[in-house]
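Novice: I'd like to ask you about the structure that follows.
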Protein chains: 2
Amino acid sequence: MKIKGKSYTTIWLNENDESCVQIIDQRWLPHEVRFADLKTVDDAFTAIKDMWVRGAPLIGGAAAYGMYLASLHFKDNHSVVEQLTEAGNYLNTARPTAVNLAWAVNEQLKAVKQAALLENISLANTQKILKTNAQKICADDIKISESIGENGLAIIEAIYQQKKETVNILTHCNAGWFATIDWGTATAPIYKAHKKGIPIHVWVDETRPRNQGARITAFELEEEGIDYSVIVDNVGGHLMQNKQVDLCIVGTDRTTYCGDVANKIGTYLKALAAWDNNIPFYVALPSTTIDWEIREGKDIPIELRSNEEVKYIYGKTEKGELEKILLTPENANAANYAFDVTPAKYITGLITEKGICEANEKSILSLFPEKALIV
Amino acid sequence: MKIKGKSYTTIWLNENDESCVQIIDQRWLPHEVRFADLKTVDDAFTAIKDMWVRGAPLIGGAAAYGMYLASLHFKDNHSVVEQLTEAGNYLNTARPTAVNLAWAVNEQLKAVKQAALLENISLANTQKILKTNAQKICADDIKISESIGENGLAIIEAIYQQKKETVNILTHCNAGWFATIDWGTATAPIYKAHKKGIPIHVWVDETRPRNQGARITAFELEEEGIDYSVIVDNVGGHLMQNKQVDLCIVGTDRTTYCGDVANKIGTYLKALAAWDNNIPFYVALPSTTIDWEIREGKDIPIELRSNEEVKYIYGKTEKGELEKILLTPENANAANYAFDVTPAKYITGLITEKGICEANEKSILSLFPEKALIV
């Protein structure tokens, strides 16, 4: 998608130097667009852990490239599979909730192991496999996002057909193109609808504590010329009570195969309000975020992050400087749970790359019959 | 209650200069404790409108003193009732949602009109009546808060008897002593329980956009030595799902006589989560916040405040300066609804100065039978 009219993806291999992966460092948005170079697995780890990149699919892409970067620094005389497993274990600890992280790490391991079965694989070949596979994971993710967009577009179109007026969509956090490689998950249907000329207005939950909505979703929509209003996370319920929301679409970091959805903290509260006011509540997701090993949402590990994220906030001063300010008493205790689980019963449907299904095992498996043997 | 060990109320008449009402200017909490002098009705209007003072009962107290301050500058040759009505109309426009504002203005008007019926009332006498009545409104409010505290204490005690461990209470916004004259409404039972030795931990919703929880409730609890954790507004649902909340208590700015509760934006979302997880959800209120003329919550006017409150936030920089920072793209749209309405069906009970009742007309009228003729 676009920044100042120029097309970008969120992560790419430097054209002139293949030892360098480039990203948009999202910590400075919306105030500054900064780029960063990742050259080692440590760089990739830091970028994931400290949220230079975030969003389940993009974390997957960054992890895939992280495995590639790790291999560029391997000792030639060790087993590459052993070294790669170690790098993967390390990357897996960067963030605990997004299932894509472990998925991408595993895809990379699998690719190398498969090749190693056939021949005594050289380090150079390992690196090539990891590079090509990382690029493929990212290219596939873009296709997946576009398919989610096309599938979700049908929901927005149906509302517009009936309403014949601007469709008001509420979203939480950033499941936009900055959370993926391109297009986004929750935003993909919005971008598709906008490109088709359907009038859209997006209620953007600011999404405390890290304000991914106010910072990143708002920035995305602004750059794409889509009408939006930033709201504090407390407002959505009131808007839904007053018929100012036609549809909710959010993303997810991990979804159980029975349809419970772990997503950014606060998603559950919006799902309750949508349910209470008969407003459709959809979750947009690539099937990579479905955890085929977990039945119930209560078994998804929920990341507890530093309380500094609650007590302090970043923003731009009147002088144009980026500054961190304290919001609470100096010595305040704070608790910072990063995700919550929305029970499947409050979810109208899941928008996947394969189509839309209900949030239950049977309906999910109807889209992914090949998984029936696993669960 | 206490600040640095010294007892205060939130508003008082200067002992040495009765033309001056003093307040704690709450805009600087928790970083600085600043006091302000109010000398005119304009000062009182500004203090209410710009939230130097806030909270339904304290707005009432400030409005009562505002009427007194107005009278200090009346033209002697005009009808005092006429001038006072004008001042009251002016004060009433400062904030639209809290019913206590109009109530206090009306109490003052009534007191003067009653006296004027008996005799041709002098300006000096009018001023004396208004002063005494403002002091009485504030003194009564303290008694009311204490009674709410005693009544609510029974709920906390019952939970503690059963649990025998720390009672976890979630509150939204600041319905603490800074929202009243002393003791608070939602916090009054907490302070009473703490003084009785019941171990308490309070989950403090930060309460965006103005962060009255992170700033003021946290400050209050800190100063009173009560254990608390600040959380972003998104977290409460997750905590309730995970049995980390035993009880919710919030305040209200206006409650209909059928039990619908207008309170700080976001209250409705917490009530839904409490309902979904079978957690008692109580609203603490002085009966002055009951609007005996409104049946349904949808008829309560909801204040729409400046979008600057969403886009910018105040806090303390590392250098110790208070600074305003921008959180969104510079030109972002934002919408800032200040209150929402929690339907009575999601409320376990109302804790009033007269006792606890259910949130329905019959139960409310059983505590206030004298109102049966009005509704």
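Here's how to read the names in the structure tokens: chain A, B, ... by the order shown, residue numbers from 1 in each chain, ligand numbers from 1 in the order shown.
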What residues in chain B lie within 6 Å of chain A, counting only C-alpha atoms, written as a list in words?
Specialist: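 My answer is Pro30, Ala214, Arg215, Ser229, Val230, Ile231, Asn234, His238, Ile265, Gly266, Leu269, Gly315, Lys316, Thr317, Ile325, Leu326, Leu327, Thr328, Pro329, Asn333, Ala334, Ala335 and Asp340 of chain B.
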Novice: Could you dump the residues just selected with C-alpha atoms as a compact mmCIF listing (two decimals), in the first residue's frame?
Specialist:
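Written output follows (selection.txt):
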```
# COMPACT_ATOMS: atom_id res chain seq x y z
CA PRO B 30 -0.96 13.23 39.98
CA ALA B 214 -4.56 6.71 36.04
CA ARG B 215 -4.20 10.24 37.33
CA SER B 229 -2.79 -1.51 39.78
CA VAL B 230 -3.45 0.84 36.90
CA ILE B 231 -4.69 -0.95 33.80
CA ASN B 234 -9.00 -2.72 27.44
CA HIS B 238 -9.65 -10.30 30.40
CA ILE B 265 -17.53 6.44 28.59
CA GLY B 266 -16.53 2.78 28.74
CA LEU B 269 -18.25 -2.25 28.28
CA GLY B 315 1.98 13.92 31.24
CA LYS B 316 5.33 14.47 32.86
CA THR B 317 8.50 14.33 30.79
CA ILE B 325 1.99 15.34 23.16
CA LEU B 326 0.26 14.33 19.94
CA LEU B 327 -0.78 10.65 19.67
CA THR B 328 -2.33 10.48 16.20
CA PRO B 329 -1.52 11.74 12.73
CA ASN B 333 -10.30 13.01 12.77
CA ALA B 334 -11.40 11.94 16.22
CA ALA B 335 -14.71 11.64 18.07
CA ASP B 340 -22.25 6.11 27.86
```
Novice: Can you list, as a ChimeraX atom specification, every protein, DNA or RNA residue that comes within 10 Å of Asn100 (chain B) when you count only C-alpha atoms, leaving out same-chain residues fewer than 2 positions away?
Specialist: /B:55-61,63-64,92,97-98,102-106,253-254,286-291
Novice: Take chain A, lay it over chain B with a least-squares fit on all the Cα atoms in order, then hand it over as a short mmCIF file (atom, residue, chain, number, x, y, z; two decimals) with C-alpha atoms, in the first residue's frame.
Specialist:
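Result written to selection-v4.cif:
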```cif
data_model
loop_
_atom_site.label_atom_id
_atom_site.label_comp_id
_atom_site.auth_asym_id
_atom_site.auth_seq_id
_atom_site.Cartn_x
_atom_site.Cartn_y
_atom_site.Cartn_z
CA MET A 1 -9.13 12.30 52.80
CA LYS A 2 -5.36 12.69 52.79
CA ILE A 3 -2.69 14.24 50.61
CA LYS A 4 0.81 13.75 51.98
CA GLY A 5 -0.78 12.88 55.29
CA LYS A 6 -2.82 16.08 55.60
CA SER A 7 -6.63 16.02 55.46
CA TYR A 8 -8.42 17.92 52.70
CA THR A 9 -11.78 18.29 51.05
CA THR A 10 -12.00 19.15 47.35
CA ILE A 11 -13.62 22.57 47.79
CA TRP A 12 -13.87 25.00 50.68
CA LEU A 13 -14.49 28.63 51.52
CA ASN A 14 -11.31 30.53 52.31
CA GLU A 15 -11.31 30.97 56.10
CA ASN A 16 -9.80 34.44 55.92
CA ASP A 17 -11.58 35.76 52.84
CA GLU A 18 -15.17 34.73 52.26
CA SER A 19 -15.17 36.22 48.76
CA CYS A 20 -12.89 33.38 47.72
CA VAL A 21 -13.69 29.71 47.19
CA GLN A 22 -10.71 27.39 47.04
CA ILE A 23 -10.36 24.14 45.14
CA ILE A 24 -7.73 21.61 44.26
CA ASP A 25 -7.12 22.16 40.53
CA GLN A 26 -7.27 18.53 39.45
CA ARG A 27 -5.79 19.06 35.99
CA TRP A 28 -2.27 18.73 37.37
CA LEU A 29 -2.75 15.51 39.31
CA PRO A 30 -0.97 13.23 39.97
CA HIS A 31 2.16 15.16 39.08
CA GLU A 32 1.44 18.32 41.03
CA VAL A 33 -1.03 19.29 43.73
CA ARG A 34 -2.16 22.80 42.79
CA PHE A 35 -4.81 24.91 44.43
CA ALA A 36 -6.95 27.54 42.73
CA ASP A 37 -9.02 30.49 43.92
CA LEU A 38 -12.52 31.02 42.51
CA LYS A 39 -13.80 34.55 42.92
CA THR A 40 -16.49 34.98 40.26
CA VAL A 41 -19.21 32.94 38.59
CA ASP A 42 -16.97 32.93 35.52
CA ASP A 43 -14.22 31.29 37.57
CA ALA A 44 -16.67 28.64 38.74
CA PHE A 45 -17.95 28.13 35.17
CA THR A 46 -14.40 27.66 33.85
CA ALA A 47 -13.45 25.35 36.70
CA ILE A 48 -16.44 23.13 35.88
CA LYS A 49 -16.26 23.33 32.08
CA ASP A 50 -12.50 22.83 31.83
CA MET A 51 -12.54 20.15 34.49
CA TRP A 52 -10.42 21.77 37.18
CA VAL A 53 -13.10 20.08 39.25
CA ARG A 54 -15.13 17.15 37.95
CA GLY A 55 -17.34 14.34 39.20
CA ALA A 56 -21.08 14.78 39.55
CA PRO A 57 -21.24 15.60 43.30
CA LEU A 58 -18.28 17.97 43.21
CA ILE A 59 -19.71 19.71 40.13
CA GLY A 60 -22.81 20.23 42.26
CA GLY A 61 -20.76 21.69 45.10
CA ALA A 62 -18.84 23.96 42.74
CA ALA A 63 -22.07 25.12 41.10
CA ALA A 64 -23.58 25.90 44.52
CA TYR A 65 -20.54 28.00 45.38
CA GLY A 66 -20.67 29.47 41.87
CA MET A 67 -24.13 30.84 42.61
CA TYR A 68 -22.80 32.35 45.82
CA LEU A 69 -19.84 33.91 44.00
CA ALA A 70 -22.22 35.31 41.36
CA SER A 71 -24.23 37.04 44.07
CA LEU A 72 -21.10 38.79 45.38
CA HIS A 73 -21.01 40.76 42.14
CA PHE A 74 -24.71 41.46 41.61
CA LYS A 75 -25.95 44.94 40.83
CA ASP A 76 -27.76 46.00 43.97
CA ASN A 77 -30.62 47.64 42.12
CA HIS A 78 -31.74 44.59 40.12
CA SER A 79 -33.94 41.72 41.23
CA VAL A 80 -31.64 39.21 42.88
CA VAL A 81 -33.85 36.32 41.80
CA GLU A 82 -33.59 37.45 38.18
CA GLN A 83 -29.83 37.86 38.38
CA LEU A 84 -29.50 34.53 40.16
CA THR A 85 -31.61 32.76 37.54
CA GLU A 86 -29.35 34.17 34.87
CA ALA A 87 -26.23 32.98 36.73
CA GLY A 88 -27.82 29.55 37.15
CA ASN A 89 -28.66 29.29 33.45
CA TYR A 90 -25.09 30.16 32.64
CA LEU A 91 -23.62 27.60 35.06
CA ASN A 92 -25.99 24.93 33.74
CA THR A 93 -24.36 25.13 30.31
CA ALA A 94 -20.89 24.28 31.66
CA ARG A 95 -21.43 20.49 31.49
CA PRO A 96 -24.56 18.82 30.12
CA THR A 97 -24.57 15.29 31.54
CA ALA A 98 -24.25 15.55 35.33
CA VAL A 99 -27.67 16.12 36.83
CA ASN A 100 -26.13 17.49 40.05
CA LEU A 101 -25.18 20.69 38.32
CA ALA A 102 -28.78 21.67 37.61
CA TRP A 103 -29.82 20.24 40.97
CA ALA A 104 -27.39 22.42 42.97
CA VAL A 105 -28.24 25.51 40.93
CA ASN A 106 -31.89 24.84 41.62
CA GLU A 107 -31.33 24.27 45.35
CA GLN A 108 -29.71 27.68 45.56
CA LEU A 109 -32.50 29.35 43.60
CA LYS A 110 -35.10 27.63 45.74
CA ALA A 111 -33.46 28.77 48.99
CA VAL A 112 -33.35 32.38 47.88
CA LYS A 113 -36.89 32.31 46.44
CA GLN A 114 -38.24 30.85 49.68
CA ALA A 115 -36.62 33.59 51.71
CA ALA A 116 -37.85 36.19 49.21
CA LEU A 117 -41.41 35.00 49.73
CA LEU A 118 -41.22 35.89 53.41
CA GLU A 119 -39.60 39.28 53.17
CA ASN A 120 -38.14 41.79 50.74
CA ILE A 121 -34.73 40.18 50.68
CA SER A 122 -31.56 42.29 50.72
CA LEU A 123 -28.52 41.46 48.63
CA ALA A 124 -26.48 40.90 51.79
CA ASN A 125 -29.06 38.43 53.02
CA THR A 126 -29.14 36.68 49.63
CA GLN A 127 -25.39 36.28 49.79
CA LYS A 128 -25.58 34.87 53.29
CA ILE A 129 -28.28 32.38 52.30
CA LEU A 130 -26.29 31.26 49.26
CA LYS A 131 -23.09 30.86 51.29
CA THR A 132 -24.75 28.90 54.07
CA ASN A 133 -26.63 26.76 51.59
CA ALA A 134 -23.49 26.00 49.56
CA GLN A 135 -21.73 24.97 52.75
CA LYS A 136 -24.70 22.82 53.68
CA ILE A 137 -24.79 21.17 50.22
CA CYS A 138 -21.12 20.29 50.66
CA ALA A 139 -21.50 19.10 54.25
CA ASP A 140 -24.52 17.00 53.25
CA ASP A 141 -22.54 15.52 50.39
CA ILE A 142 -19.86 14.33 52.79
CA LYS A 143 -22.52 12.67 54.94
CA ILE A 144 -24.04 11.08 51.86
CA SER A 145 -20.66 9.74 50.75
CA GLU A 146 -20.05 8.26 54.19
CA SER A 147 -23.44 6.57 54.13
CA ILE A 148 -22.73 5.16 50.67
CA GLY A 149 -19.46 3.92 52.12
CA GLU A 150 -21.14 2.17 55.04
CA ASN A 151 -23.76 0.59 52.79
CA GLY A 152 -21.23 -0.58 50.21
CA LEU A 153 -18.92 -1.88 52.93
CA ALA A 154 -21.44 -4.66 53.58
CA ILE A 155 -20.94 -5.97 50.01
CA ILE A 156 -17.17 -6.03 50.35
CA GLU A 157 -17.36 -7.63 53.80
CA ALA A 158 -19.59 -10.39 52.48
CA ILE A 159 -17.11 -11.19 49.70
CA TYR A 160 -14.23 -11.14 52.16
CA GLN A 161 -16.09 -13.44 54.59
CA GLN A 162 -16.42 -15.98 51.83
CA LYS A 163 -13.06 -15.54 50.12
CA LYS A 164 -10.84 -14.85 53.16
CA GLU A 165 -8.33 -13.29 50.80
CA THR A 166 -7.68 -9.90 49.22
CA VAL A 167 -10.81 -8.58 47.58
CA ASN A 168 -10.14 -7.40 44.00
CA ILE A 169 -12.32 -4.46 43.02
CA LEU A 170 -12.40 -2.90 39.57
CA THR A 171 -13.38 0.72 39.16
CA HIS A 172 -13.66 2.98 36.13
CA CYS A 173 -12.82 6.67 36.00
CA ASN A 174 -12.66 8.55 39.28
CA ALA A 175 -15.68 8.31 41.50
CA GLY A 176 -13.33 8.94 44.37
CA TRP A 177 -13.14 11.69 46.92
CA PHE A 178 -11.88 14.00 44.19
CA ALA A 179 -15.22 13.54 42.43
CA THR A 180 -17.12 14.53 45.58
CA ILE A 181 -16.35 16.71 48.55
CA ASP A 182 -14.84 13.84 50.54
CA TRP A 183 -14.85 10.00 50.67
CA GLY A 184 -16.10 9.60 47.08
CA THR A 185 -18.95 7.43 45.87
CA ALA A 186 -17.47 4.27 44.31
CA THR A 187 -14.39 4.60 46.53
CA ALA A 188 -16.28 5.26 49.77
CA PRO A 189 -16.94 1.53 50.42
CA ILE A 190 -13.30 0.83 49.54
CA TYR A 191 -12.01 3.39 52.05
CA LYS A 192 -14.40 2.09 54.69
CA ALA A 193 -13.28 -1.50 54.06
CA HIS A 194 -9.62 -0.49 54.16
CA LYS A 195 -10.11 1.33 57.46
CA LYS A 196 -11.75 -1.82 58.80
CA GLY A 197 -8.69 -3.86 57.88
CA ILE A 198 -10.12 -5.82 54.95
CA PRO A 199 -7.34 -6.46 52.43
CA ILE A 200 -8.25 -4.73 49.16
CA HIS A 201 -6.65 -4.47 45.77
CA VAL A 202 -8.14 -2.07 43.24
CA TRP A 203 -7.89 -2.44 39.45
CA VAL A 204 -7.86 1.15 38.28
CA ASP A 205 -9.07 1.66 34.69
CA GLU A 206 -6.92 4.49 33.34
CA THR A 207 -10.08 5.89 31.68
CA ARG A 208 -9.13 7.49 28.44
CA PRO A 209 -9.30 10.10 27.13
CA ARG A 210 -8.70 12.20 30.25
CA ASN A 211 -7.20 9.42 32.35
CA GLN A 212 -9.03 10.27 35.54
CA GLY A 213 -8.30 6.73 36.74
CA ALA A 214 -4.57 6.73 36.03
CA ARG A 215 -4.20 10.26 37.33
CA ILE A 216 -6.70 10.78 40.11
CA THR A 217 -7.96 7.43 41.40
CA ALA A 218 -4.39 6.11 41.42
CA PHE A 219 -3.25 9.23 43.28
CA GLU A 220 -6.04 8.91 45.87
CA LEU A 221 -5.35 5.24 46.55
CA GLU A 222 -1.61 5.83 46.71
CA GLU A 223 -2.06 8.63 49.26
CA GLU A 224 -4.41 6.45 51.35
CA GLY A 225 -2.04 3.49 51.19
CA ILE A 226 -4.42 1.15 49.37
CA ASP A 227 -3.00 -1.49 47.05
CA TYR A 228 -3.87 -0.85 43.38
CA SER A 229 -2.81 -1.49 39.79
CA VAL A 230 -3.45 0.87 36.91
CA ILE A 231 -4.70 -0.94 33.81
CA VAL A 232 -5.62 0.31 30.37
CA ASP A 233 -9.35 0.33 29.70
CA ASN A 234 -9.00 -2.73 27.45
CA VAL A 235 -7.88 -5.08 30.25
CA GLY A 236 -10.91 -5.42 32.53
CA GLY A 237 -12.68 -8.03 30.42
CA HIS A 238 -9.65 -10.29 30.42
CA LEU A 239 -9.26 -9.95 34.20
CA MET A 240 -12.92 -10.81 34.71
CA GLN A 241 -12.65 -13.86 32.46
CA ASN A 242 -9.75 -15.01 34.60
CA LYS A 243 -11.41 -14.55 37.98
CA GLN A 244 -9.12 -11.69 38.95
CA VAL A 245 -12.03 -9.38 39.76
CA ASP A 246 -14.44 -10.03 42.66
CA LEU A 247 -16.53 -6.91 42.33
CA CYS A 248 -16.98 -3.81 40.16
CA ILE A 249 -18.03 -0.48 41.64
CA VAL A 250 -18.40 2.62 39.52
CA GLY A 251 -19.99 6.03 39.95
CA THR A 252 -22.59 7.74 37.80
CA ASP A 253 -23.25 11.19 36.45
CA ARG A 254 -26.94 10.63 35.98
CA THR A 255 -29.20 7.65 36.68
CA THR A 256 -32.76 7.36 35.41
CA TYR A 257 -35.47 6.43 37.88
CA CYS A 258 -35.65 3.06 36.12
CA GLY A 259 -31.97 2.38 36.81
CA ASP A 260 -30.18 3.11 33.54
CA VAL A 261 -26.82 4.61 34.38
CA ALA A 262 -24.94 7.31 32.49
CA ASN A 263 -21.34 7.25 33.56
CA LYS A 264 -17.92 7.85 32.07
CA ILE A 265 -17.54 6.44 28.58
CA GLY A 266 -16.54 2.77 28.73
CA THR A 267 -18.57 1.88 31.81
CA TYR A 268 -21.03 -0.02 29.62
CA LEU A 269 -18.25 -2.27 28.27
CA LYS A 270 -17.19 -3.22 31.80
CA ALA A 271 -20.78 -3.92 32.81
CA LEU A 272 -21.11 -6.27 29.84
CA ALA A 273 -17.95 -8.11 30.84
CA ALA A 274 -19.10 -8.38 34.47
CA TRP A 275 -22.43 -9.72 33.32
CA ASP A 276 -20.74 -12.24 31.01
CA ASN A 277 -18.60 -13.51 33.88
CA ASN A 278 -21.13 -13.38 36.72
CA ILE A 279 -19.29 -10.68 38.60
CA PRO A 280 -21.34 -8.26 40.68
CA PHE A 281 -21.47 -4.81 39.11
CA TYR A 282 -22.55 -2.02 41.47
CA VAL A 283 -23.09 1.67 40.90
CA ALA A 284 -22.53 3.96 43.90
CA LEU A 285 -24.50 7.19 43.87
CA PRO A 286 -25.92 9.96 45.95
CA SER A 287 -29.64 10.17 45.24
CA THR A 288 -29.02 13.64 43.81
CA THR A 289 -27.73 11.93 40.68
CA ILE A 290 -31.06 10.21 40.09
CA ASP A 291 -33.00 12.04 37.40
CA TRP A 292 -36.65 11.61 38.42
CA GLU A 293 -37.79 13.01 35.09
CA ILE A 294 -36.07 10.55 32.80
CA ARG A 295 -37.27 6.99 32.39
CA GLU A 296 -34.86 5.64 29.81
CA GLY A 297 -31.12 6.02 29.46
CA LYS A 298 -31.40 6.84 25.78
CA ASP A 299 -32.92 10.20 26.76
CA ILE A 300 -29.89 11.31 28.78
CA PRO A 301 -27.90 13.91 26.82
CA ILE A 302 -24.39 12.66 26.14
CA GLU A 303 -21.65 15.25 26.08
CA LEU A 304 -19.51 15.33 22.93
CA ARG A 305 -16.22 16.97 23.88
CA SER A 306 -13.34 18.34 21.81
CA ASN A 307 -11.44 15.80 19.74
CA GLU A 308 -8.24 17.38 21.01
CA GLU A 309 -8.74 15.31 24.17
CA VAL A 310 -8.33 12.16 22.07
CA LYS A 311 -5.48 13.37 19.89
CA TYR A 312 -3.34 14.91 22.62
CA ILE A 313 -2.43 13.77 26.12
CA TYR A 314 -0.71 15.45 29.05
CA GLY A 315 1.96 13.95 31.22
CA LYS A 316 5.32 14.50 32.84
CA THR A 317 8.50 14.36 30.77
CA GLU A 318 11.71 12.82 32.00
CA LYS A 319 12.87 16.36 32.80
CA GLY A 320 9.90 16.71 35.13
CA GLU A 321 7.97 19.14 32.94
CA LEU A 322 4.28 18.78 32.18
CA GLU A 323 3.95 18.44 28.44
CA LYS A 324 1.20 17.84 25.89
CA ILE A 325 1.97 15.34 23.17
CA LEU A 326 0.25 14.31 19.93
CA LEU A 327 -0.79 10.64 19.68
CA THR A 328 -2.34 10.45 16.20
CA PRO A 329 -1.51 11.69 12.72
CA GLU A 330 -1.56 15.51 12.81
CA ASN A 331 -4.76 15.81 10.76
CA ALA A 332 -6.58 12.79 12.18
CA ASN A 333 -10.30 12.97 12.74
CA ALA A 334 -11.40 11.89 16.19
CA ALA A 335 -14.70 11.60 18.03
CA ASN A 336 -14.95 12.16 21.77
CA TYR A 337 -18.14 10.99 23.49
CA ALA A 338 -17.69 11.55 27.21
CA PHE A 339 -20.33 9.21 28.66
CA ASP A 340 -22.25 6.09 27.83
CA VAL A 341 -25.38 4.53 29.22
CA THR A 342 -25.31 1.16 30.95
CA PRO A 343 -28.74 -0.48 30.72
CA ALA A 344 -30.22 -1.33 34.10
CA LYS A 345 -30.34 -5.04 33.27
CA TYR A 346 -26.54 -5.26 33.53
CA ILE A 347 -26.38 -3.62 36.96
CA THR A 348 -26.44 -5.77 40.08
CA GLY A 349 -27.44 -2.93 42.35
CA LEU A 350 -27.29 0.74 43.23
CA ILE A 351 -25.50 1.72 46.42
CA THR A 352 -27.14 4.90 47.70
CA GLU A 353 -27.01 6.86 50.94
CA LYS A 354 -30.35 5.31 51.86
CA GLY A 355 -29.30 1.72 51.24
CA ILE A 356 -28.79 -0.68 48.36
CA CYS A 357 -31.48 -1.30 45.78
CA GLU A 358 -31.88 -3.04 42.47
CA ALA A 359 -31.64 -1.00 39.29
CA ASN A 360 -35.36 -0.82 38.57
CA GLU A 361 -38.15 1.64 39.26
CA LYS A 362 -39.86 -0.37 41.97
CA SER A 363 -36.72 -1.06 43.96
CA ILE A 364 -35.44 2.51 43.59
CA LEU A 365 -38.78 3.93 44.77
CA SER A 366 -38.74 1.60 47.77
CA LEU A 367 -35.71 3.60 49.01
CA PHE A 368 -37.17 6.94 47.95
CA PRO A 369 -40.94 6.58 48.43
CA GLU A 370 -41.32 10.38 48.54
CA LYS A 371 -40.46 10.44 44.84
CA ALA A 372 -43.33 8.16 43.87
CA LEU A 373 -45.55 11.16 43.24
CA ILE A 374 -43.12 12.72 40.76
CA VAL A 375 -42.37 9.83 38.46
#
```
Novice: Would you return as an NGL selection string the members of region 254-318 of chain B that DSSP assigns to alpha helix (DSSP H) on this structure's backbone?
Specialist: :B and (267-276 or 308-311)
Novice: Would you list, as a PyMOL selection string, the residues of region 85-295 of chain A that end up in strand (DSSP E) under DSSP run on this structure's backbone?
Specialist: chain A and resi 167-171+200-205+227-231+247-250+254-256+261-264+281-284+290-291
